[in-house]
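Written below as C-alpha cells is the structure these notes are about.
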Amino acid sequence: MSSSLFRVGSQAVLLLAAICYVTAARSDQASTNVITGTIEKVDSGAKTIAVKTADGTVETVKFTEKTTVHGLKHAAKGGDLAGKEGSHVILHAVGEGADRTAHSVEWVGEKTVHTTEGTVEEVGKGSKTVAVKTADGTKETFIVADHAAVNSGKDVARYSTRGAKKGEHVTVYYTEEAGKKIAHVFKHL
C-alpha cells in the first residue's frame, strides 16, 4: 500500500513540475508588437531596419532570412527594403530593446497608416470587410487587404488563415484609398 501511495505521490509531483515548466516556458515567449512609421534606413550588412514613428522616435529592429515583406512587388525579405527609405511600413517585431527582430513587414508605400481601436461588430461575406464599433459608438467599415495580418500579441498570422471574429477587441492599422479604409493589420488587445 505504501509503495502505491509513493508511486501516486511521485506521479503527482512530476505532473506538477511539468505544468510549472510549460507555464514558465509560455511566459518566457516574447510578445509581438507593432511598429508603424517611415523607413529611415535599411542596413543590409547589419541586417537592421530603422523606422521613424509618428512621434519622431526611431525604432531599429533586426531582420533575418525568415523576415517576410508583404505589399511590395519583387520584395519578399527584409533586405529587399533597401532603397525604399521614406516609404511607410507596419512592422511586426518580436523581443525587446536591441534584441527586437522583425517577423514581417507590411509595406504601404506613400500612404499614411492610421489606427482605430474598437470591437469587431461584423465580418462581411467572404471576410472581405470588417466593421468595428469604436468607444464613442461610431461604426467603421474596413476592406481587408489581400496581404492583411492578424497580430495576436503572441504571434502573427495571415488574415486569410485566422480572420476576425465578432466581439474581438482590436486595433486596426489601415490606409485610405479612394475614400475607402483598407485594413492591413488587426492587432488583438
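Residues are named by chain letter and number: chains run A, B, ... in the order of the C-alpha cells, numbers start at 1 in each chain, and ligands are numbered from 1 in the order shown.
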Report as JSON, numbers by chain: the residues of segment 86-162 of chain A with a DSSP assignment of strand (DSSP E or B), based on the backbone of this structure. {"A": [88, 89, 90, 91, 92, 93, 94, 101, 102, 103, 104, 105, 106, 107, 108, 109, 114, 115, 116, 117, 118, 119, 120, 121, 122, 123, 129, 130, 131, 132, 133, 134, 139, 140, 141, 142, 143, 144, 145, 146, 147, 148, 149, 150, 151, 156, 157, 158]}
Test item: residues at most 7 Å from Thr171 of chain A, only C-alpha atoms, excluding those fewer than 6 positions along its chain, as a PyMOL selection string: chain A and resi 115-118+186-188
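For the set A:Ile90, A:Val61, A:Val69, A:Val130, the residue with the smallest atom-to-atom gap to Thr175 of chain A is A:Ile90, counting only C-alpha atoms.
Closest to His103 of chain A among A:Val132, A:Val170, A:Leu91, A:Ala145 is A:Leu91, based on only C-alpha atoms.
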Identify which of the residues A:Lys73, A:Gly79, A:Ala157, A:Gly137 lies closest to Ala46 of chain A, counting only C-alpha atoms when measuring atom-to-atom distances.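 Nearest candidate to Ala46 of chain A out of A:Lys73, A:Gly79, A:Ala157, A:Gly137: A:Gly79.
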Excluding Lys111 of chain A and any residue of its chain fewer than 5 positions from it, enumerate the residues within 12 Å of it, using only C-alpha atoms, and give them as a VMD selection string. chain A and resid 36 to 38 71 86 to 90 106 173 to 178 181 to 182 184
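Remark: for Lys154 of chain A, the closest of the candidate residues A:Ala82, A:Phe63, A:Ala93, A:His74 is A:Ala93 (distances computed over only C-alpha atoms).
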Neighbouring residues of Gly163 of chain A were defined as those with any atom within 10 Å, considering only C-alpha atoms; residues of the same chain fewer than 2 positions away were excluded. Please report them as a VMD selection string. chain A and resid 123 127 to 128 130 144 148 to 150 157 to 161 165 186
Save the residues we just selected, N, CA, C and O atoms, as a PDB file, in the first residue's frame?
ATOM      1  N   VAL A 123     -18.388  40.687 -39.565  1.00  0.00           N
ATOM      2  CA  VAL A 123     -17.429  40.288 -40.583  1.00  0.00           C
ATOM      3  C   VAL A 123     -18.241  40.003 -41.834  1.00  0.00           C
ATOM      4  O   VAL A 123     -19.164  39.187 -41.812  1.00  0.00           O
ATOM      5  N   SER A 127     -15.324  37.345 -45.662  1.00  0.00           N
ATOM      6  CA  SER A 127     -14.345  38.009 -44.788  1.00  0.00           C
ATOM      7  C   SER A 127     -13.584  39.133 -45.486  1.00  0.00           C
ATOM      8  O   SER A 127     -12.487  39.475 -45.102  1.00  0.00           O
ATOM      9  N   LYS A 128     -14.175  39.738 -46.511  1.00  0.00           N
ATOM     10  CA  LYS A 128     -13.503  40.825 -47.227  1.00  0.00           C
ATOM     11  C   LYS A 128     -13.745  42.192 -46.594  1.00  0.00           C
ATOM     12  O   LYS A 128     -13.073  43.154 -46.923  1.00  0.00           O
ATOM     13  N   VAL A 130     -14.732  44.167 -42.657  1.00  0.00           N
ATOM     14  CA  VAL A 130     -14.883  44.050 -41.210  1.00  0.00           C
ATOM     15  C   VAL A 130     -15.386  45.388 -40.687  1.00  0.00           C
ATOM     16  O   VAL A 130     -14.824  46.437 -41.017  1.00  0.00           O
ATOM     17  N   VAL A 144     -10.604  44.482 -46.221  1.00  0.00           N
ATOM     18  CA  VAL A 144      -9.421  43.745 -45.790  1.00  0.00           C
ATOM     19  C   VAL A 144      -8.457  43.601 -46.977  1.00  0.00           C
ATOM     20  O   VAL A 144      -8.837  43.060 -48.020  1.00  0.00           O
ATOM     21  N   ALA A 148      -3.323  41.294 -45.605  1.00  0.00           N
ATOM     22  CA  ALA A 148      -3.586  41.667 -44.209  1.00  0.00           C
ATOM     23  C   ALA A 148      -3.133  40.577 -43.236  1.00  0.00           C
ATOM     24  O   ALA A 148      -3.104  39.400 -43.563  1.00  0.00           O
ATOM     25  N   ALA A 149      -2.777  41.028 -42.020  1.00  0.00           N
ATOM     26  CA  ALA A 149      -2.296  40.117 -40.980  1.00  0.00           C
ATOM     27  C   ALA A 149      -3.086  40.312 -39.696  1.00  0.00           C
ATOM     28  O   ALA A 149      -3.702  41.360 -39.482  1.00  0.00           O
ATOM     29  N   VAL A 150      -3.043  39.291 -38.848  1.00  0.00           N
ATOM     30  CA  VAL A 150      -3.627  39.357 -37.510  1.00  0.00           C
ATOM     31  C   VAL A 150      -2.486  39.169 -36.527  1.00  0.00           C
ATOM     32  O   VAL A 150      -1.752  38.185 -36.594  1.00  0.00           O
ATOM     33  N   ALA A 157      -0.256  36.030 -37.958  1.00  0.00           N
ATOM     34  CA  ALA A 157      -0.750  35.097 -38.973  1.00  0.00           C
ATOM     35  C   ALA A 157      -1.434  35.889 -40.080  1.00  0.00           C
ATOM     36  O   ALA A 157      -1.874  37.022 -39.860  1.00  0.00           O
ATOM     37  N   ARG A 158      -1.512  35.322 -41.238  1.00  0.00           N
ATOM     38  CA  ARG A 158      -2.238  35.935 -42.349  1.00  0.00           C
ATOM     39  C   ARG A 158      -3.712  36.032 -41.968  1.00  0.00           C
ATOM     40  O   ARG A 158      -4.264  35.123 -41.338  1.00  0.00           O
ATOM     41  N   TYR A 159      -4.353  37.109 -42.354  1.00  0.00           N
ATOM     42  CA  TYR A 159      -5.778  37.282 -42.096  1.00  0.00           C
ATOM     43  C   TYR A 159      -6.569  36.161 -42.752  1.00  0.00           C
ATOM     44  O   TYR A 159      -7.539  35.663 -42.192  1.00  0.00           O
ATOM     45  N   SER A 160      -6.141  35.749 -43.931  1.00  0.00           N
ATOM     46  CA  SER A 160      -6.851  34.687 -44.651  1.00  0.00           C
ATOM     47  C   SER A 160      -6.864  33.376 -43.861  1.00  0.00           C
ATOM     48  O   SER A 160      -7.754  32.553 -44.035  1.00  0.00           O
ATOM     49  N   THR A 161      -5.905  33.189 -42.960  1.00  0.00           N
ATOM     50  CA  THR A 161      -5.829  31.994 -42.125  1.00  0.00           C
ATOM     51  C   THR A 161      -6.629  32.160 -40.838  1.00  0.00           C
ATOM     52  O   THR A 161      -7.376  31.283 -40.438  1.00  0.00           O
ATOM     53  N   LYS A 165     -13.129  37.892 -35.648  1.00  0.00           N
ATOM     54  CA  LYS A 165     -14.372  37.320 -35.119  1.00  0.00           C
ATOM     55  C   LYS A 165     -15.155  38.391 -34.360  1.00  0.00           C
ATOM     56  O   LYS A 165     -14.573  39.230 -33.676  1.00  0.00           O
ATOM     57  N   PHE A 186      -4.804  43.622 -38.007  1.00  0.00           N
ATOM     58  CA  PHE A 186      -5.733  43.588 -36.880  1.00  0.00           C
ATOM     59  C   PHE A 186      -4.918  43.109 -35.688  1.00  0.00           C
ATOM     60  O   PHE A 186      -4.444  41.988 -35.672  1.00  0.00           O
TER      61      PHE A 186
END
Which neighbours of His92 of chain A fall inside 9 Å, counting only C-alpha atoms, when residues of the same chain fewer than 2 positions from it are skipped, and could you give them as number ranges by chain? A: 32-36, 90, 94, 101-106, 151, 156
By how many Å are atom CA of Ala50 of chain A and atom CA of Glu96 of chain A apart? 14.9 Å
What separation in Å, quoted to one decimal, exists between atom CA of Asp99 of chain A and atom CA of Lys62 of chain A?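 Atom-to-atom, atom CA of Asp99 of chain A to atom CA of Lys62 of chain A, that is 7.5 Å.
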Can you pull out the residues contacting Thr60 of chain A? Cut-off 7 Å, using only C-alpha atoms, and skip same-chain residues under 6 positions away; I want them as a PyMOL selection string. chain A and resi 48-51
Could you take the residues named above and write them with N, CA, C and O atoms, as a PDB file, in the first residue's frame?
ATOM      1  N   THR A  48      19.477  45.374 -40.293  1.00  0.00           N
ATOM      2  CA  THR A  48      18.580  46.167 -39.452  1.00  0.00           C
ATOM      3  C   THR A  48      17.719  47.080 -40.311  1.00  0.00           C
ATOM      4  O   THR A  48      18.108  47.480 -41.408  1.00  0.00           O
ATOM      5  N   ILE A  49      16.547  47.389 -39.769  1.00  0.00           N
ATOM      6  CA  ILE A  49      15.634  48.359 -40.372  1.00  0.00           C
ATOM      7  C   ILE A  49      15.354  49.411 -39.308  1.00  0.00           C
ATOM      8  O   ILE A  49      14.963  49.074 -38.192  1.00  0.00           O
ATOM      9  N   ALA A  50      15.555  50.691 -39.650  1.00  0.00           N
ATOM     10  CA  ALA A  50      15.236  51.795 -38.747  1.00  0.00           C
ATOM     11  C   ALA A  50      13.946  52.441 -39.238  1.00  0.00           C
ATOM     12  O   ALA A  50      13.845  52.822 -40.412  1.00  0.00           O
ATOM     13  N   VAL A  51      12.953  52.550 -38.344  1.00  0.00           N
ATOM     14  CA  VAL A  51      11.650  53.107 -38.691  1.00  0.00           C
ATOM     15  C   VAL A  51      11.387  54.314 -37.795  1.00  0.00           C
ATOM     16  O   VAL A  51      11.456  54.208 -36.572  1.00  0.00           O
TER      17      VAL A  51
END
Could you check which of A:Arg100, A:Val58, A:Glu110, A:Glu40 is closest to Leu72 of chain A, using only C-alpha atoms?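 Closest residue, counting only C-alpha atoms: A:Glu110.
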Record the distance separating atom CA of Ala54 of chain A and atom CA of Leu81 of chain A, expressed in Å with one decimal.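 Atom-to-atom, atom CA of Ala54 of chain A and atom CA of Leu81 of chain A are spaced 19.7 Å apart.
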Close residues, Asp80 of chain A itself excluded, 10 Å, only C-alpha atoms, min 3 positions apart in chain, as a PDB file with all heavy atoms, in the first residue's frame:
ATOM      1  N   VAL A  42      17.740  51.134 -44.139  1.00  0.00           N
ATOM      2  CA  VAL A  42      17.853  49.682 -44.168  1.00  0.00           C
ATOM      3  C   VAL A  42      19.328  49.381 -44.320  1.00  0.00           C
ATOM      4  O   VAL A  42      19.964  49.813 -45.283  1.00  0.00           O
ATOM      5  CB  VAL A  42      17.060  49.057 -45.341  1.00  0.00           C
ATOM      6  CG1 VAL A  42      17.276  47.553 -45.385  1.00  0.00           C
ATOM      7  CG2 VAL A  42      15.579  49.395 -45.224  1.00  0.00           C
ATOM      8  N   SER A  44      21.629  46.462 -44.921  1.00  0.00           N
ATOM      9  CA  SER A  44      21.669  45.048 -45.308  1.00  0.00           C
ATOM     10  C   SER A  44      22.825  44.309 -44.656  1.00  0.00           C
ATOM     11  O   SER A  44      22.704  43.126 -44.350  1.00  0.00           O
ATOM     12  CB  SER A  44      21.761  44.923 -46.830  1.00  0.00           C
ATOM     13  OG  SER A  44      20.590  45.438 -47.419  1.00  0.00           O
ATOM     14  N   THR A  68       9.530  38.307 -43.530  1.00  0.00           N
ATOM     15  CA  THR A  68       8.825  38.417 -44.803  1.00  0.00           C
ATOM     16  C   THR A  68       8.333  39.841 -45.030  1.00  0.00           C
ATOM     17  O   THR A  68       8.077  40.579 -44.082  1.00  0.00           O
ATOM     18  CB  THR A  68       7.624  37.459 -44.863  1.00  0.00           C
ATOM     19  OG1 THR A  68       6.754  37.747 -43.762  1.00  0.00           O
ATOM     20  CG2 THR A  68       8.078  36.007 -44.787  1.00  0.00           C
ATOM     21  N   VAL A  69       8.227  40.206 -46.302  1.00  0.00           N
ATOM     22  CA  VAL A  69       7.718  41.522 -46.696  1.00  0.00           C
ATOM     23  C   VAL A  69       6.482  41.290 -47.549  1.00  0.00           C
ATOM     24  O   VAL A  69       6.498  40.472 -48.475  1.00  0.00           O
ATOM     25  CB  VAL A  69       8.775  42.313 -47.494  1.00  0.00           C
ATOM     26  CG1 VAL A  69       8.193  43.628 -47.992  1.00  0.00           C
ATOM     27  CG2 VAL A  69      10.013  42.566 -46.642  1.00  0.00           C
ATOM     28  N   LEU A  72       4.655  44.663 -51.462  1.00  0.00           N
ATOM     29  CA  LEU A  72       5.631  45.283 -52.363  1.00  0.00           C
ATOM     30  C   LEU A  72       6.033  44.259 -53.416  1.00  0.00           C
ATOM     31  O   LEU A  72       6.518  43.178 -53.088  1.00  0.00           O
ATOM     32  CB  LEU A  72       6.859  45.725 -51.557  1.00  0.00           C
ATOM     33  CG  LEU A  72       7.980  46.429 -52.302  1.00  0.00           C
ATOM     34  CD1 LEU A  72       7.480  47.729 -52.931  1.00  0.00           C
ATOM     35  CD2 LEU A  72       9.124  46.745 -51.356  1.00  0.00           C
ATOM     36  N   HIS A  74       8.126  42.324 -56.044  1.00  0.00           N
ATOM     37  CA  HIS A  74       9.543  41.974 -56.166  1.00  0.00           C
ATOM     38  C   HIS A  74      10.311  42.135 -54.852  1.00  0.00           C
ATOM     39  O   HIS A  74      11.498  42.410 -54.857  1.00  0.00           O
ATOM     40  CB  HIS A  74      10.223  42.772 -57.276  1.00  0.00           C
ATOM     41  CG  HIS A  74       9.476  42.719 -58.571  1.00  0.00           C
ATOM     42  ND1 HIS A  74       9.318  41.554 -59.278  1.00  0.00           N
ATOM     43  CD2 HIS A  74       8.805  43.675 -59.258  1.00  0.00           C
ATOM     44  CE1 HIS A  74       8.599  41.799 -60.362  1.00  0.00           C
ATOM     45  NE2 HIS A  74       8.272  43.077 -60.384  1.00  0.00           N
ATOM     46  N   ALA A  75       9.608  42.029 -53.744  1.00  0.00           N
ATOM     47  CA  ALA A  75      10.267  42.059 -52.437  1.00  0.00           C
ATOM     48  C   ALA A  75       9.633  40.985 -51.568  1.00  0.00           C
ATOM     49  O   ALA A  75       8.420  40.905 -51.464  1.00  0.00           O
ATOM     50  CB  ALA A  75      10.118  43.424 -51.782  1.00  0.00           C
ATOM     51  N   ALA A  76      10.471  40.173 -50.974  1.00  0.00           N
ATOM     52  CA  ALA A  76       9.956  39.101 -50.129  1.00  0.00           C
ATOM     53  C   ALA A  76      10.678  39.033 -48.796  1.00  0.00           C
ATOM     54  O   ALA A  76      10.172  38.462 -47.845  1.00  0.00           O
ATOM     55  CB  ALA A  76      10.075  37.762 -50.849  1.00  0.00           C
ATOM     56  N   LYS A  77      11.864  39.623 -48.696  1.00  0.00           N
ATOM     57  CA  LYS A  77      12.684  39.547 -47.483  1.00  0.00           C
ATOM     58  C   LYS A  77      13.030  40.957 -46.995  1.00  0.00           C
ATOM     59  O   LYS A  77      12.960  41.928 -47.746  1.00  0.00           O
ATOM     60  CB  LYS A  77      13.971  38.763 -47.753  1.00  0.00           C
ATOM     61  CG  LYS A  77      13.739  37.331 -48.228  1.00  0.00           C
ATOM     62  CD  LYS A  77      13.103  36.500 -47.140  1.00  0.00           C
ATOM     63  CE  LYS A  77      12.837  35.081 -47.596  1.00  0.00           C
ATOM     64  NZ  LYS A  77      12.083  34.326 -46.655  1.00  0.00           N
ATOM     65  N   GLY A  83      16.731  50.803 -50.268  1.00  0.00           N
ATOM     66  CA  GLY A  83      16.351  51.713 -51.339  1.00  0.00           C
ATOM     67  C   GLY A  83      14.921  52.199 -51.231  1.00  0.00           C
ATOM     68  O   GLY A  83      14.470  53.013 -52.029  1.00  0.00           O
ATOM     69  N   LYS A  84      14.176  51.729 -50.241  1.00  0.00           N
ATOM     70  CA  LYS A  84      12.777  52.117 -50.054  1.00  0.00           C
ATOM     71  C   LYS A  84      12.624  53.118 -48.908  1.00  0.00           C
ATOM     72  O   LYS A  84      11.529  53.296 -48.373  1.00  0.00           O
ATOM     73  CB  LYS A  84      11.894  50.890 -49.779  1.00  0.00           C
ATOM     74  CG  LYS A  84      11.914  49.862 -50.891  1.00  0.00           C
ATOM     75  CD  LYS A  84      11.323  50.434 -52.161  1.00  0.00           C
ATOM     76  CE  LYS A  84      11.318  49.383 -53.258  1.00  0.00           C
ATOM     77  NZ  LYS A  84      11.024  49.990 -54.554  1.00  0.00           N
TER      78      LYS A  84
END
Choose the residue, out of A:Arg162, A:Thr112, A:Trp107, A:Ala183, that has the smallest atom-to-atom separation from Ile143 of chain A; count only C-alpha atoms. A:Ala183
